[in-house]
Amino acid sequence: MDIAVHCTQSPKVNCSDLSSQKNGTATSNHLPDLLMSCFTMTFGTISNLTALGILAKSRARFRRQSKAPFFHLTVALLLADLGGHLILGAFALHMHVKKKWTTTTNNNINFCPFFGASMVFFGLCSLLIGCAMAVERCVAITQPFYHISTITVAHAQGMVLLLCSVACTLALLPVFGVGNYSIQFPGTWCFLQIHEPQTAADKNLVMTFSCLGLTALTVSLLCNILSGLVLLQARRKSCSSANTSTRFARRGSSASSSSLFCSLDMEMIVQLAVITVVSCICWGPFLVHITNIQHKSSPRLSADIKDGFTLLALRMAAWNQILDPWVYILLRKTVLSRVFRGFYFQRTTMSANSYSVEYQREVFRLH
């Protein structure tokens with residue numbers, strides 16, 4: 001069946017770029033891309049399963065009502081990342097194999113709406129749940145009494161369900177005829193119709209996706225900054241009240257600041273801050289790029305450059321789901337405690353060595 005004929009029979013999939021993709025990449029070597037897809041899928045799955053195992057072992061630390069909602073939101077985020085790796089990885093491998101071993105695009109065209117809907121759903125779930133985690137911690141730190149008396153595990157689960165429903169609704173709109181999904185360069189992934197020709201529904205869907213993502217990143221960043229400032233202010237008050245003129249009091253102050261730094265609240269806010277930075281670095285370029293395309297803010301760039309940057313930005317976004325679990329693997333209380341103790345021990349050793357050198361100099365001058 002001719003590609004153009006099949007495209008007219010599949011209104012949910014736009015095939016404007018299929019001819020260029022077919023001619024431009026037919027002779028390329030698919031093995032490196034296939035191996036990279038296998039690696040990211042395997043590594044991301046193992047990372048998320050490891051992080052979920054660590055959370056399961058530390059569940060007792062989150063039994064308090066004030067910590068339990070954050071625990072359930074974290075599990076939801078890791079499950080969304082895990083599902084994204086398994087499902088999207090399998091879809092990408094399917095398209096890689098079809099592109100390498102077959103010359104027809106009919107299978108991929110029929111398959112594209114499922115792949116595109118999964119891309120939108122899991123991408124938005126990660127961003128929105130991460131935003132919900134930041135808001136929950138901000139409320140818990142800035143309004144602790146309200147959080148303890150109001151926010152429960154049921155609220156956290158309801159919020160996850162609501163956010164997943166929003167992502168699912170946006171993802172399924174093209175499946176029901178509102179907008180289109182298209183095979184994107186180099187023919188191994190599907191997404192909303194980013195490039196021309198676009199309908200008004202296509203442009204509105206792309207702008208809705210990018211605005212939701214950018215809003216989630218902005219709210220997460222602001223909430224984490226506010227939470228961090230409140231915790232640092234509390235730490236400063238605690239240290240200043242504990243300081244005295246005696247050496248014993250200074251040791252006690254150091255110990256109290258160490259315990260405060262490694263408290264569960266500080267551990268969670270450090271994890272959230274790193275997750276937000278990682279999300280901004282990974283998702284920011286892709287969201288800003290597709291927004292700029294809709295506004296035609298870079299008309300001088302060729303189609304090849306735009307397609308290449310879109311692919312690069314997508315690969316950066318995919319690494320967000322790989323790096324998220326490593327935040328919980330590496331930034332745990334035990335790891336943070338060891339880092340802080342090592343830094344404090346090194347600083348104490350350097351001060352002692354400096355004092356010893358000065359003392360020896362004074363002795364030498366006296367003699």
# chains A, B, ... in the order shown; residues from 1 in each chain; ligands from 1
call {"tool": "residues_around", "arguments": {"residues": "Pro174 (chain A)", "least_positions_apart": "3", "cutoff": "9 Å", "atoms": "only C-alpha atoms", "output": "MDAnalysis selection string"}}
result
chainID A and resid 12:13 113 117 170:171 177:181 192 201:202 205
call {"tool": "select_by_dssp", "arguments": {"residues": "region 73-232 of chain A", "states": "alpha helix (DSSP H)", "output": "PyMOL selection string"}}
result
chain A and resi 73-83+89-101+106-142+144-150+153-172+200-232
call {"tool": "closest_residue", "arguments": {"among": "A:Leu331, A:Leu287, A:Ile54, A:Leu311", "to": "Gly213 (chain A)", "atoms": "only C-alpha atoms"}}
result
A:Leu287
call {"tool": "closest_atom_pairs", "arguments": {"of": "region 74-104 of chain A", "to": "region 121-125 of chain A", "cutoff": "12 Å", "atoms": "only C-alpha atoms", "output": "Markdown table"}}
result
| residue | atom | partner | partner_atom | distance |
| --- | --- | --- | --- | --- |
| A:Ala76 | CA | A:Cys125 | CA | 9.1 |
| A:Leu77 | CA | A:Cys125 | CA | 7.7 |
| A:Leu78 | CA | A:Cys125 | CA | 10.4 |
| A:Leu79 | CA | A:Cys125 | CA | 10.0 |
| A:Ala80 | CA | A:Phe122 | CA | 6.3 |
| A:Asp81 | CA | A:Phe122 | CA | 7.3 |
| A:Leu82 | CA | A:Phe122 | CA | 9.5 |
| A:Gly83 | CA | A:Phe122 | CA | 7.6 |
| A:Gly84 | CA | A:Phe122 | CA | 5.6 |
| A:His85 | CA | A:Phe122 | CA | 9.2 |
| A:Leu86 | CA | A:Phe122 | CA | 10.9 |
| A:Ile87 | CA | A:Phe122 | CA | 9.4 |
| A:Leu88 | CA | A:Phe122 | CA | 8.7 |
| A:Gly89 | CA | A:Phe122 | CA | 11.9 |
call {"tool": "residues_around", "arguments": {"residues": "Ile322 (chain A)", "least_positions_apart": "3", "cutoff": "12 Å", "atoms": "only C-alpha atoms", "output": "count of residues only"}}
result
37
call {"tool": "closest_residue", "arguments": {"among": "A:Thr150, A:Val175, A:Gly53, A:Ile269", "to": "Ser118 (chain A)", "atoms": "only C-alpha atoms"}}
result
A:Val175
call {"tool": "residues_around", "arguments": {"residues": "His147 (chain A)", "least_positions_apart": "5", "cutoff": "9 Å", "atoms": "only C-alpha atoms", "output": "VMD selection string"}}
result
chain A and resid 66 136 139 to 141 152
call {"tool": "atom_distance", "arguments": {"atom1": "CA of Phe91 (chain A)", "atom2": "CA of Cys38 (chain A)"}}
result
11.2 Å
call {"tool": "atom_distance", "arguments": {"atom1": "CA of Val277 (chain A)", "atom2": "CA of Arg59 (chain A)"}}
result
25.4 Å
call {"tool": "atom_distance", "arguments": {"atom1": "CA of Ser302 (chain A)", "atom2": "CA of Cys280 (chain A)"}}
result
26.3 Å
call {"tool": "closest_residue", "arguments": {"among": "A:Ala56, A:Phe115, A:Leu323, A:Val160", "to": "Phe191 (chain A)", "atoms": "only C-alpha atoms"}}
result
A:Phe115
